[in-house]
Amino acid sequence: MEYPLEMTEDERYLFDLNGYIIVRGVLTAEEVKECNDAIDRRESQMIERKDAALRNAVKGTALYGSGPGRKDLGRVLEWGEDSKAFKSILAHPRLLPLFHGILGKGYRMDHLPFVIAQDRGAEGFQLHGGTIDCTSGEYNSYLAYNCHQGIIRSALLGCNVMLTDHDAGDGGFCVVPGSHKSNFKMPDGMVNGDKYQEYIIQPSTKAGDVVLFSEGTVHGAASWCAEHQRRVCLYRFSPSTNVYGRSYFGHDGGGWPKEIYDGGLTDAQAAVLEPPYANRLDRPIIQEDGEIEVSSRNERKKQHDKDLFGTKYF
């Protein structure tokens with residue numbers, strides 16, 4: 001299948017206007033089934049957010065639901081062959097031009113992705129995020145959206161891969177369109193969905209669709225009302241020099257969990273797992289055609305740094 005090589009003008013307009021965009025049919029029906037089958041095999045490993053300290057919505061508010069907690073399932077890139085479709089998102093040819101258009105070349109995975117599941121009645125997530133924090137009114141430099149001279153950048157990009165249908169009124173991911181450009185905190189009661197609900201939108205999506213949203217856009221989740229279990233896999237990506245999460249440091253010697261690599265990665269997927277550093281410091285860059293080129297300085301400058309600092313990089 002042929003895909004656009006650049007973010008289209010329509011996509012740029014819609015993302016800049018709303019702070020999110022729906023990309024239809026990224027995963028095929030077969031790939032969606034593969035993902036859900038892999039989750040089914042590990043459903044007993046889901047962790048329900050039962051404790052009060054883990055709840056994402058305030059009891060008695062519009063987003064709380066009827067009581068059950070949300071369920072989370074991690075390590076989706078560490079399942080060997082079962083991770084193939086999940087890994088495809090890292091450098092998917094349909095998403096690549098949007099990643100480049102929103103994050104720039106050299107973009108990187110910032111958080112470990114995980115599956116979110118909601119059974120009927122399960123709580124949602126109170127509204128959060130914002131270039132201007134929706135609760136405090138303070139500037140969020142680590143989430144911020146900006147557009148200068150026609151170049152869009154988001155410090156942190158959410159990527160919701162829909163693994164079940166989300167029809168109108170079902171619940172799940174919701175967003176306040178345009179809030180990535182707001183200069184003020186939200187009115188009291190809106191964060192919990194109790195006020196101004198007409199401005200909080202739950203997009204209708206089908207399994208296989210992807211919702212890309214700036215973390216600078218205020219978003220959350222409505223309680224789940226459908227009979228089937230809601231499933232979505234959430235990734236977050238950043239520009240090459242931005243960082244929010246720290247798992248890339250590693251916990252037992254450095255780097256992401258080794259099982260991610262053990263299961264096999266394409267060169268493009270591996271490039272997205274690079275830690276944060278400037279492109280010119282030998283970063284492998286995914287090109288429009290999916291091939292990799294290493295961005296580098298000239299050899300004389302590199303030798304000068306080695307002579308000066310005694311290390312390969314400054």
# chains A, B, ... in the order shown; residues from 1 in each chain; ligands from 1

$ select_by_dssp --residues "region 45-201 of chain A" --states "strand (DSSP E)" --output "PyMOL selection string"
chain A and resi 47-48+71-73+108-109+114-118+125-128+145-148+151-154+157-162+172-175

$ residues_around --residues "Met7 (chain A)" --least-positions-apart "6" --cutoff "6 Å" --atoms "only C-alpha atoms" --output "ChimeraX atom specification"
/A:97-98,101

$ closest_atom_pairs --of "region 8-46 of chain A" --to "region 82-88 of chain A" --cutoff "12 Å" --atoms "only C-alpha atoms" --output "JSON lines"
{"residue": "A:Val26", "atom": "CA", "partner": "A:Ser88", "partner_atom": "CA", "distance": 10.1}
{"residue": "A:Leu27", "atom": "CA", "partner": "A:Ala85", "partner_atom": "CA", "distance": 8.0}
{"residue": "A:Thr28", "atom": "CA", "partner": "A:Ala85", "partner_atom": "CA", "distance": 9.7}
{"residue": "A:Ala29", "atom": "CA", "partner": "A:Ala85", "partner_atom": "CA", "distance": 11.3}
{"residue": "A:Glu30", "atom": "CA", "partner": "A:Ala85", "partner_atom": "CA", "distance": 9.7}
{"residue": "A:Glu31", "atom": "CA", "partner": "A:Ala85", "partner_atom": "CA", "distance": 6.0}
{"residue": "A:Val32", "atom": "CA", "partner": "A:Ala85", "partner_atom": "CA", "distance": 8.0}
{"residue": "A:Lys33", "atom": "CA", "partner": "A:Ala85", "partner_atom": "CA", "distance": 9.8}
{"residue": "A:Glu34", "atom": "CA", "partner": "A:Ala85", "partner_atom": "CA", "distance": 7.3}
{"residue": "A:Cys35", "atom": "CA", "partner": "A:Ala85", "partner_atom": "CA", "distance": 6.6}
{"residue": "A:Asn36", "atom": "CA", "partner": "A:Asp82", "partner_atom": "CA", "distance": 9.9}
{"residue": "A:Asp37", "atom": "CA", "partner": "A:Asp82", "partner_atom": "CA", "distance": 8.6}
{"residue": "A:Ala38", "atom": "CA", "partner": "A:Asp82", "partner_atom": "CA", "distance": 5.8}
{"residue": "A:Ile39", "atom": "CA", "partner": "A:Asp82", "partner_atom": "CA", "distance": 9.0}
{"residue": "A:Asp40", "atom": "CA", "partner": "A:Asp82", "partner_atom": "CA", "distance": 11.2}
{"residue": "A:Arg41", "atom": "CA", "partner": "A:Asp82", "partner_atom": "CA", "distance": 9.9}
{"residue": "A:Arg42", "atom": "CA", "partner": "A:Asp82", "partner_atom": "CA", "distance": 10.8}

$ write_last_selection --atoms "N, CA, C and O atoms" --output "short mmCIF file (atom, residue, chain, number, x, y, z; two decimals), in the first residue's frame"
data_model
loop_
_atom_site.label_atom_id
_atom_site.label_comp_id
_atom_site.auth_asym_id
_atom_site.auth_seq_id
_atom_site.Cartn_x
_atom_site.Cartn_y
_atom_site.Cartn_z
N VAL A 26 -5.16 2.55 10.26
CA VAL A 26 -3.71 2.34 10.29
C VAL A 26 -3.38 0.85 10.38
O VAL A 26 -2.54 0.33 9.65
N LEU A 27 -4.04 0.16 11.30
CA LEU A 27 -3.88 -1.29 11.42
C LEU A 27 -4.99 -1.98 10.64
O LEU A 27 -6.14 -1.54 10.65
N THR A 28 -4.64 -3.07 10.00
CA THR A 28 -5.64 -3.86 9.29
C THR A 28 -6.47 -4.67 10.29
O THR A 28 -6.09 -4.80 11.46
N ALA A 29 -7.57 -5.21 9.82
CA ALA A 29 -8.41 -6.06 10.68
C ALA A 29 -7.61 -7.25 11.21
O ALA A 29 -7.77 -7.65 12.38
N GLU A 30 -6.74 -7.79 10.38
CA GLU A 30 -5.92 -8.92 10.81
C GLU A 30 -4.94 -8.51 11.90
O GLU A 30 -4.74 -9.23 12.89
N GLU A 31 -4.34 -7.32 11.75
CA GLU A 31 -3.40 -6.84 12.76
C GLU A 31 -4.11 -6.53 14.07
O GLU A 31 -3.58 -6.80 15.16
N VAL A 32 -5.31 -5.97 13.98
CA VAL A 32 -6.09 -5.71 15.19
C VAL A 32 -6.39 -7.02 15.91
O VAL A 32 -6.27 -7.12 17.14
N LYS A 33 -6.74 -8.04 15.15
CA LYS A 33 -7.01 -9.35 15.75
C LYS A 33 -5.75 -9.91 16.41
O LYS A 33 -5.82 -10.47 17.52
N GLU A 34 -4.61 -9.76 15.76
CA GLU A 34 -3.36 -10.23 16.34
C GLU A 34 -3.09 -9.55 17.68
O GLU A 34 -2.69 -10.20 18.66
N CYS A 35 -3.33 -8.25 17.74
CA CYS A 35 -3.13 -7.50 18.99
C CYS A 35 -4.09 -8.00 20.07
O CYS A 35 -3.68 -8.25 21.22
N ASN A 36 -5.35 -8.14 19.72
CA ASN A 36 -6.33 -8.57 20.71
C ASN A 36 -6.10 -10.01 21.16
O ASN A 36 -6.30 -10.33 22.35
N ASP A 37 -5.67 -10.87 20.25
CA ASP A 37 -5.35 -12.24 20.63
C ASP A 37 -4.18 -12.26 21.62
O ASP A 37 -4.19 -13.03 22.60
N ALA A 38 -3.19 -11.41 21.37
CA ALA A 38 -2.04 -11.33 22.28
C ALA A 38 -2.47 -10.83 23.66
O ALA A 38 -1.99 -11.32 24.69
N ILE A 39 -3.38 -9.87 23.67
CA ILE A 39 -3.90 -9.36 24.95
C ILE A 39 -4.71 -10.42 25.66
O ILE A 39 -4.60 -10.62 26.89
N ASP A 40 -5.55 -11.16 24.89
CA ASP A 40 -6.36 -12.22 25.49
C ASP A 40 -5.49 -13.24 26.22
O ASP A 40 -5.86 -13.73 27.30
N ARG A 41 -4.34 -13.54 25.64
CA ARG A 41 -3.46 -14.53 26.25
C ARG A 41 -2.84 -14.03 27.55
O ARG A 41 -2.31 -14.82 28.33
N ARG A 42 -2.92 -12.71 27.78
CA ARG A 42 -2.32 -12.12 28.97
C ARG A 42 -3.34 -11.35 29.81
O ARG A 42 -2.95 -10.54 30.67
#

$ closest_atom_pairs --of "region 44-133 of chain A" --to "region 285-290 of chain A" --cutoff "9 Å" --atoms "only C-alpha atoms" --output "tab-separated table"
residue	atom	partner	partner_atom	distance
A:Ala91	CA	A:Gly290	CA	7.9
A:His92	CA	A:Gly290	CA	8.8
A:Pro93	CA	A:Gly290	CA	7.1
A:Leu96	CA	A:Glu288	CA	7.5
A:Pro97	CA	A:Glu288	CA	7.1
A:His100	CA	A:Glu288	CA	8.8
A:Lys105	CA	A:Ile285	CA	6.4
A:Gly106	CA	A:Ile285	CA	5.2
A:Tyr107	CA	A:Ile285	CA	8.4

$ select_by_dssp --residues "region 245-280 of chain A" --states "helix (DSSP H, G or I)" --output "list in words"
Ser247, Tyr248, Phe249, Lys258, Glu259, Ile260, Tyr261, Asp262, Asp267, Ala268, Gln269, Ala270, Ala271 and Val272 of chain A

$ write_last_selection --atoms "C-alpha atoms" --output "PDB file, in the first residue's frame"
ATOM      1  CA  SER A 247      12.852   4.325  31.300  1.00  0.00           C
ATOM      2  CA  TYR A 248      15.325   4.702  28.431  1.00  0.00           C
ATOM      3  CA  PHE A 249      18.017   5.061  31.129  1.00  0.00           C
ATOM      4  CA  LYS A 258      16.239  -5.905  26.588  1.00  0.00           C
ATOM      5  CA  GLU A 259      13.230  -8.060  25.692  1.00  0.00           C
ATOM      6  CA  ILE A 260      12.105  -5.321  23.292  1.00  0.00           C
ATOM      7  CA  TYR A 261      15.226  -5.951  21.226  1.00  0.00           C
ATOM      8  CA  ASP A 262      15.215  -9.733  21.687  1.00  0.00           C
ATOM      9  CA  ASP A 267      16.280  -0.499  11.691  1.00  0.00           C
ATOM     10  CA  ALA A 268      13.597   2.181  11.652  1.00  0.00           C
ATOM     11  CA  GLN A 269      11.919   0.858  14.794  1.00  0.00           C
ATOM     12  CA  ALA A 270      15.281   0.648  16.571  1.00  0.00           C
ATOM     13  CA  ALA A 271      16.012   4.265  15.623  1.00  0.00           C
ATOM     14  CA  VAL A 272      12.872   5.399  17.475  1.00  0.00           C
TER      15      VAL A 272
END

$ closest_residue --among "A:Leu73, A:Tyr313, A:Arg24, A:Gly169" --to "Lys301 (chain A)" --atoms "only C-alpha atoms"
A:Tyr313

$ atom_distance --atom1 "CA of Pro187 (chain A)" --atom2 "CA of Ser154 (chain A)"
24.4 Å

$ closest_atom_pairs --of "region 65-100 of chain A" --to "region 229-241 of chain A" --cutoff "10 Å" --atoms "only C-alpha atoms" --output "tab-separated table"
residue	atom	partner	partner_atom	distance
A:Arg70	CA	A:Arg230	CA	9.8
A:Lys71	CA	A:Arg231	CA	9.5
A:Asp72	CA	A:Cys233	CA	9.6
A:Leu73	CA	A:Cys233	CA	9.1
A:Gly74	CA	A:Cys233	CA	9.5
A:Val76	CA	A:Cys233	CA	8.7
A:Phe86	CA	A:Cys233	CA	8.3
A:Ile89	CA	A:Tyr235	CA	8.8
A:Leu90	CA	A:Tyr235	CA	8.8
A:Phe99	CA	A:Phe237	CA	8.4
A:His100	CA	A:Pro239	CA	8.9

$ write_last_selection --atoms "C-alpha atoms" --output "mmCIF file, in the first residue's frame"
data_model
loop_
_atom_site.group_PDB
_atom_site.id
_atom_site.type_symbol
_atom_site.label_atom_id
_atom_site.label_comp_id
_atom_site.auth_asym_id
_atom_site.auth_seq_id
_atom_site.Cartn_x
_atom_site.Cartn_y
_atom_site.Cartn_z
ATOM 1 C CA ARG A 70 -9.530 0.947 34.662
ATOM 2 C CA LYS A 71 -7.306 -2.010 33.759
ATOM 3 C CA ASP A 72 -3.715 -1.622 32.527
ATOM 4 C CA LEU A 73 -1.467 -4.131 30.750
ATOM 5 C CA GLY A 74 2.192 -3.342 30.140
ATOM 6 C CA VAL A 76 3.474 -4.872 24.957
ATOM 7 C CA PHE A 86 2.546 -3.229 18.381
ATOM 8 C CA ILE A 89 3.461 1.637 15.268
ATOM 9 C CA LEU A 90 6.946 2.920 16.114
ATOM 10 C CA PHE A 99 5.422 12.005 13.332
ATOM 11 C CA HIS A 100 7.867 14.004 11.220
#

$ residues_around --residues "region 124-137 of chain A" --least-positions-apart "6" --cutoff "7 Å" --atoms "only C-alpha atoms" --output "MDAnalysis selection string"
chainID A and resid 56:57 63:65 143:145 172 179:186 191:192 215:223

$ closest_residue --among "A:Arg280, A:Lys50, A:Arg55, A:His111" --to "Leu77 (chain A)" --atoms "only C-alpha atoms"
A:His111

$ closest_residue --among "A:Gly255, A:Gly193, A:Pro4, A:Pro113" --to "Val176 (chain A)" --atoms "only C-alpha atoms"
A:Gly193

$ atom_distance --atom1 "CA of Glu78 (chain A)" --atom2 "CA of Thr266 (chain A)"
14.7 Å

$ atom_distance --atom1 "CA of Leu14 (chain A)" --atom2 "CA of Val161 (chain A)"
18.7 Å
